[in-house]
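Contents: one structure, followed by commentary.
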Amino acid sequence: MSGDKPETVPHAFAGRRWLLPSALIKELDSDAPRPGRLRRTARDWVVDFSCFLMAVFIGLLGADTLRQEDLPAGYAAFDQVLGALSCAAVWLRRRWPVGFAVAMVPVAFASTTAGGASLVALFTLAVHRPFRYVACVAGASMVLNPLYFWWRPEPDLPYGWTVALASLLTAAVVGWGMVARSKRQLMLSLRDRARRAETEARLRAEQAQRLAREAIAREMHDVLAHRLTLLSVHAGALEFRPDAPREEIVRAAGVIRESAHEALQDLREIIGVLRAAEPDDTGRPQPTLAALEALVSESLDAGMKVALQQRVTDPAAVPASVGRTAYRIAQEGLTNARKHAPGTEVTVTVTGAPGEGLSVSVRNPAPEGEVPHVPGSGQGLIGLTERATLTGGRLEHGPAADGGFEVRAWLPWG
C-alpha cells in the first residue's frame, strides 16, 4: 500500500476491471471518492441484457397461457402491459433493488407475463442486500403463490405440484443470489485482509527501524559521552592551568588528540552502520569484560581516581553480551562520576561466577563544593536500564547513604 496514494483495486484486477460488477468496483474503490454514479462495466451490460432477455422469454411463455384462461374482457391486454413495463424496469434493478423487488410482488400477483421480471428482481435483491430484506420479499411471494395459482390455475399441472414448483423456483433464485453475494463478500474480505497485512508489514518495518535507531542512539551515547567527557576534562585543565609544566601540557594535548581521534572513529563506524541500514553490530569490534581494565587505565590517565575491584571466576567464560553490558555500565558510571562528582575517587566492583550471575557496582562519594548542572543528565542511565533488562538482568541507581551516588546492576550468567 502506498503511503501517498491508497490502492483502489487489488493488483490482481488492475487490468481486468471490465470483468467485475460495478457495485463490487465501487466497494473496492471505497477509499477513492467518485463523483456521481459508477457506470456499468462490460460485464454489467452482458448480465443486464441476459436478465432482460430471460424476463422477456418467461413473459412470452406466460402470454401463451393467457389464451387458455377465462379472464375478464381487456384483462389479458392489461396483463401484457404490466409484463412489458416490468421487463423494461429490469434495467433499473441495480439502482433500486429493494424498491424494484417490493413493487414486483403485487405486480407478479396481478400479471402472469411479469413472472420473469419478478424472479430477476428477487435475484438482484439477494445479491445486493442482506438476507433480512430477501426473507421478507421471498416470504411474501411464497405466501401469495397458493392464492395466485388458486385464482389462475395451471391447466397442465395439479394445484399442489404447481405451488411446490413455484416455491422451489423462488428458493433456487434466492440461493443463487446469496451465493453470488457471498462470493463478492469473500472478495472484499480478502481485499481488506491484504490491506491489513500490508499495513501491519509497514508498521513492523517502521518499528524495527525505530528500534534499530534507538539501539544505535544508545550506542552513540555510551561511546561518545565517555570520549567527549575526557576531552572536556583535559581541555578544562589546560584552560585553568595555563602555567602548568610543559610536560603536563604535552601529555594533556596528546590525550585530547587521541580521545578526539577515537571519538571520530567511533562516530564514523556508527554512521557507517546507519548508511548501510544494518542495525546490528556486524563488523564493529565490541568491548567485553576483558576491556574493563583498559577503560579504568584510560580514566586514570585522564586524572580520575579510580579503584577497580574485580573478583570474577573465569572472566573468559563470561558471555559476550553480558560482558559488553557490564562494560557499558562501568563506562557510563565513570562518565557520570566525571561530570557530576569531579575529583572524587570512584570504586568499580565486578563480582560473579557461573550460575550466580555478574554483579557490577560503580560508586562515588559526594563531590566537594558546588557542581554545575549538566544538561541531558539521566538519559544514559535510562538506556542502561533498558540494556540490562534486555539481557534478563536488572539495574538500580540512586544516592548512597553518605551523599554519594551508586549504580548497581545484576546480569545473568550461566
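Chain identifiers are assigned as A, B, and so on, following the order in which chains appear in the C-alpha cells; residues are numbered from 1 within each chain, and ligands are numbered from 1 in order of appearance.
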Which neighbours of segment 298-313 of chain A fall inside 6 Å, counting only C-alpha atoms, when residues of the same chain fewer than 6 positions from it are skipped, and could you give them as a VMD selection string?
-> chain A and resid 345 to 353
Please produce a file of those selected residues containing N, CA, C and O atoms, as an mmCIF file, in the first residue's frame.
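Contents of the output file selection29.cif:
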data_model
loop_
_atom_site.group_PDB
_atom_site.id
_atom_site.type_symbol
_atom_site.label_atom_id
_atom_site.label_comp_id
_atom_site.auth_asym_id
_atom_site.auth_seq_id
_atom_site.Cartn_x
_atom_site.Cartn_y
_atom_site.Cartn_z
ATOM 1 N N GLU A 345 36.989 9.864 44.312
ATOM 2 C CA GLU A 345 37.501 8.546 43.960
ATOM 3 C C GLU A 345 36.319 7.621 43.659
ATOM 4 O O GLU A 345 35.420 7.446 44.479
ATOM 5 N N VAL A 346 36.367 7.017 42.494
ATOM 6 C CA VAL A 346 35.288 6.148 42.032
ATOM 7 C C VAL A 346 35.727 4.701 42.231
ATOM 8 O O VAL A 346 36.845 4.325 41.875
ATOM 9 N N THR A 347 34.806 3.906 42.772
ATOM 10 C CA THR A 347 35.095 2.495 43.002
ATOM 11 C C THR A 347 34.235 1.657 42.073
ATOM 12 O O THR A 347 33.007 1.751 42.092
ATOM 13 N N VAL A 348 34.905 0.856 41.251
ATOM 14 C CA VAL A 348 34.220 -0.044 40.323
ATOM 15 C C VAL A 348 34.423 -1.460 40.825
ATOM 16 O O VAL A 348 35.560 -1.924 40.966
ATOM 17 N N THR A 349 33.330 -2.154 41.114
ATOM 18 C CA THR A 349 33.384 -3.508 41.657
ATOM 19 C C THR A 349 32.634 -4.450 40.720
ATOM 20 O O THR A 349 31.477 -4.186 40.376
ATOM 21 N N VAL A 350 33.310 -5.519 40.332
ATOM 22 C CA VAL A 350 32.703 -6.528 39.462
ATOM 23 C C VAL A 350 32.932 -7.884 40.100
ATOM 24 O O VAL A 350 34.079 -8.292 40.321
ATOM 25 N N THR A 351 31.869 -8.583 40.426
ATOM 26 C CA THR A 351 31.958 -9.914 41.037
ATOM 27 C C THR A 351 30.981 -10.840 40.336
ATOM 28 O O THR A 351 29.995 -10.397 39.730
ATOM 29 N N GLY A 352 31.260 -12.140 40.433
ATOM 30 C CA GLY A 352 30.320 -13.096 39.866
ATOM 31 C C GLY A 352 30.963 -14.412 39.541
ATOM 32 O O GLY A 352 32.191 -14.563 39.559
ATOM 33 N N ALA A 353 30.090 -15.372 39.261
ATOM 34 C CA ALA A 353 30.532 -16.718 38.895
ATOM 35 C C ALA A 353 29.426 -17.369 38.091
ATOM 36 O O ALA A 353 28.264 -16.943 38.156
#
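As for atom CA of Thr391 of chain A and atom CA of Gln286 of chain A, they are spaced 15.9 Å apart.
Here atom CA of Glu368 of chain A and atom CA of His340 of chain A stand 10.5 Å from one another.
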Which of segment 108-336 of chain A fall in alpha helix (DSSP H), as an MDAnalysis selection string | chainID A and resid 108:110 115:128 131:151 159:240 246:276 292:301 320:336
Thr113 of chain A environment, 10 Å, only C-alpha atoms, sequence neighbours closer than 5 positions dropped, as an MDAnalysis selection string = chainID A and resid 55:66 76 79:84 86:87 107:108 118
Those same residues, written as a compact mmCIF listing (two decimals), in the first residue's frame with C-alpha atoms?
# COMPACT_ATOMS: atom_id res chain seq x y z
CA ALA A 55 -37.57 -11.79 -18.29
CA VAL A 56 -38.95 -11.31 -21.84
CA PHE A 57 -38.73 -15.04 -22.60
CA ILE A 58 -40.57 -16.05 -19.43
CA GLY A 59 -43.07 -13.28 -20.07
CA LEU A 60 -43.76 -14.63 -23.57
CA LEU A 61 -44.31 -18.11 -22.15
CA GLY A 62 -46.78 -16.60 -19.71
CA ALA A 63 -48.54 -14.72 -22.53
CA ASP A 64 -49.25 -18.04 -24.27
CA THR A 65 -51.15 -19.28 -21.22
CA LEU A 66 -53.45 -16.23 -21.24
CA ALA A 76 -55.18 -10.01 -21.00
CA ASP A 79 -51.51 -8.30 -18.06
CA GLN A 80 -49.24 -7.89 -21.07
CA VAL A 81 -48.78 -4.15 -20.49
CA LEU A 82 -47.70 -4.83 -16.89
CA GLY A 83 -45.34 -7.53 -18.14
CA ALA A 84 -43.76 -5.22 -20.73
CA SER A 86 -41.77 -4.95 -15.72
CA CYS A 87 -39.31 -6.20 -18.34
CA VAL A 107 -47.27 -6.84 -9.96
CA ALA A 108 -46.35 -10.53 -10.36
CA SER A 118 -40.19 -10.83 -10.61
Give me the residues within 7 Å of Pro365 of chain A as a list in words, counting only C-alpha atoms and dropping any in the same chain fewer than 4 places off.
-> Thr344, Asp402, Gly403, Gly404 and Phe405 of chain A
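The spacing separating atom CA of Ala253 of chain A from atom CA of Ser297 of chain A amounts to 17.3 Å.
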Excluding segment 138-154 of chain A and residues on its chain fewer than 4 positions from it, collect all residues at most 8 Å away from it, counting only C-alpha atoms, and give them as a VMD selection string.
-> chain A and resid 69 105 109 122 134 158 to 159 162 to 163 166 to 167 170 to 171 174
As a PDB file with N, CA and C atoms, in the first residue's frame, please: the residues near Val407 of chain A (cut-off 8 Å, only C-alpha atoms, same-chain neighbours under 2 positions excluded).
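Below is the file part-v8.pdb, written as the result:
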ATOM      1  N   GLY A 333      28.995   4.744  34.356  1.00  0.00           N
ATOM      2  CA  GLY A 333      29.207   5.173  35.736  1.00  0.00           C
ATOM      3  C   GLY A 333      30.412   6.091  35.873  1.00  0.00           C
ATOM      4  N   VAL A 360      27.707  -5.734  39.027  1.00  0.00           N
ATOM      5  CA  VAL A 360      28.534  -4.583  38.704  1.00  0.00           C
ATOM      6  C   VAL A 360      28.080  -3.421  39.580  1.00  0.00           C
ATOM      7  N   SER A 361      29.053  -2.755  40.188  1.00  0.00           N
ATOM      8  CA  SER A 361      28.745  -1.613  41.045  1.00  0.00           C
ATOM      9  C   SER A 361      29.742  -0.498  40.755  1.00  0.00           C
ATOM     10  N   VAL A 362      29.237   0.720  40.552  1.00  0.00           N
ATOM     11  CA  VAL A 362      30.063   1.913  40.359  1.00  0.00           C
ATOM     12  C   VAL A 362      29.597   2.931  41.385  1.00  0.00           C
ATOM     13  N   ARG A 363      30.507   3.296  42.286  1.00  0.00           N
ATOM     14  CA  ARG A 363      30.120   4.152  43.405  1.00  0.00           C
ATOM     15  C   ARG A 363      31.119   5.288  43.559  1.00  0.00           C
ATOM     16  N   LEU A 395      18.903  -3.237  36.843  1.00  0.00           N
ATOM     17  CA  LEU A 395      19.822  -2.143  37.178  1.00  0.00           C
ATOM     18  C   LEU A 395      19.116  -1.167  38.098  1.00  0.00           C
ATOM     19  N   GLU A 396      19.833  -0.762  39.142  1.00  0.00           N
ATOM     20  CA  GLU A 396      19.315   0.223  40.094  1.00  0.00           C
ATOM     21  C   GLU A 396      20.345   1.323  40.248  1.00  0.00           C
ATOM     22  N   HIS A 397      19.874   2.520  40.495  1.00  0.00           N
ATOM     23  CA  HIS A 397      20.789   3.650  40.712  1.00  0.00           C
ATOM     24  C   HIS A 397      20.116   4.656  41.627  1.00  0.00           C
ATOM     25  N   GLY A 398      20.943   5.360  42.350  1.00  0.00           N
ATOM     26  CA  GLY A 398      20.405   6.355  43.259  1.00  0.00           C
ATOM     27  C   GLY A 398      21.442   6.829  44.262  1.00  0.00           C
ATOM     28  N   PHE A 405      26.802   8.645  45.099  1.00  0.00           N
ATOM     29  CA  PHE A 405      25.888   8.068  44.102  1.00  0.00           C
ATOM     30  C   PHE A 405      26.401   6.685  43.735  1.00  0.00           C
ATOM     31  N   ALA A 409      24.048  -3.174  39.326  1.00  0.00           N
ATOM     32  CA  ALA A 409      23.404  -3.997  38.300  1.00  0.00           C
ATOM     33  C   ALA A 409      23.720  -5.468  38.547  1.00  0.00           C
TER      34      ALA A 409
END
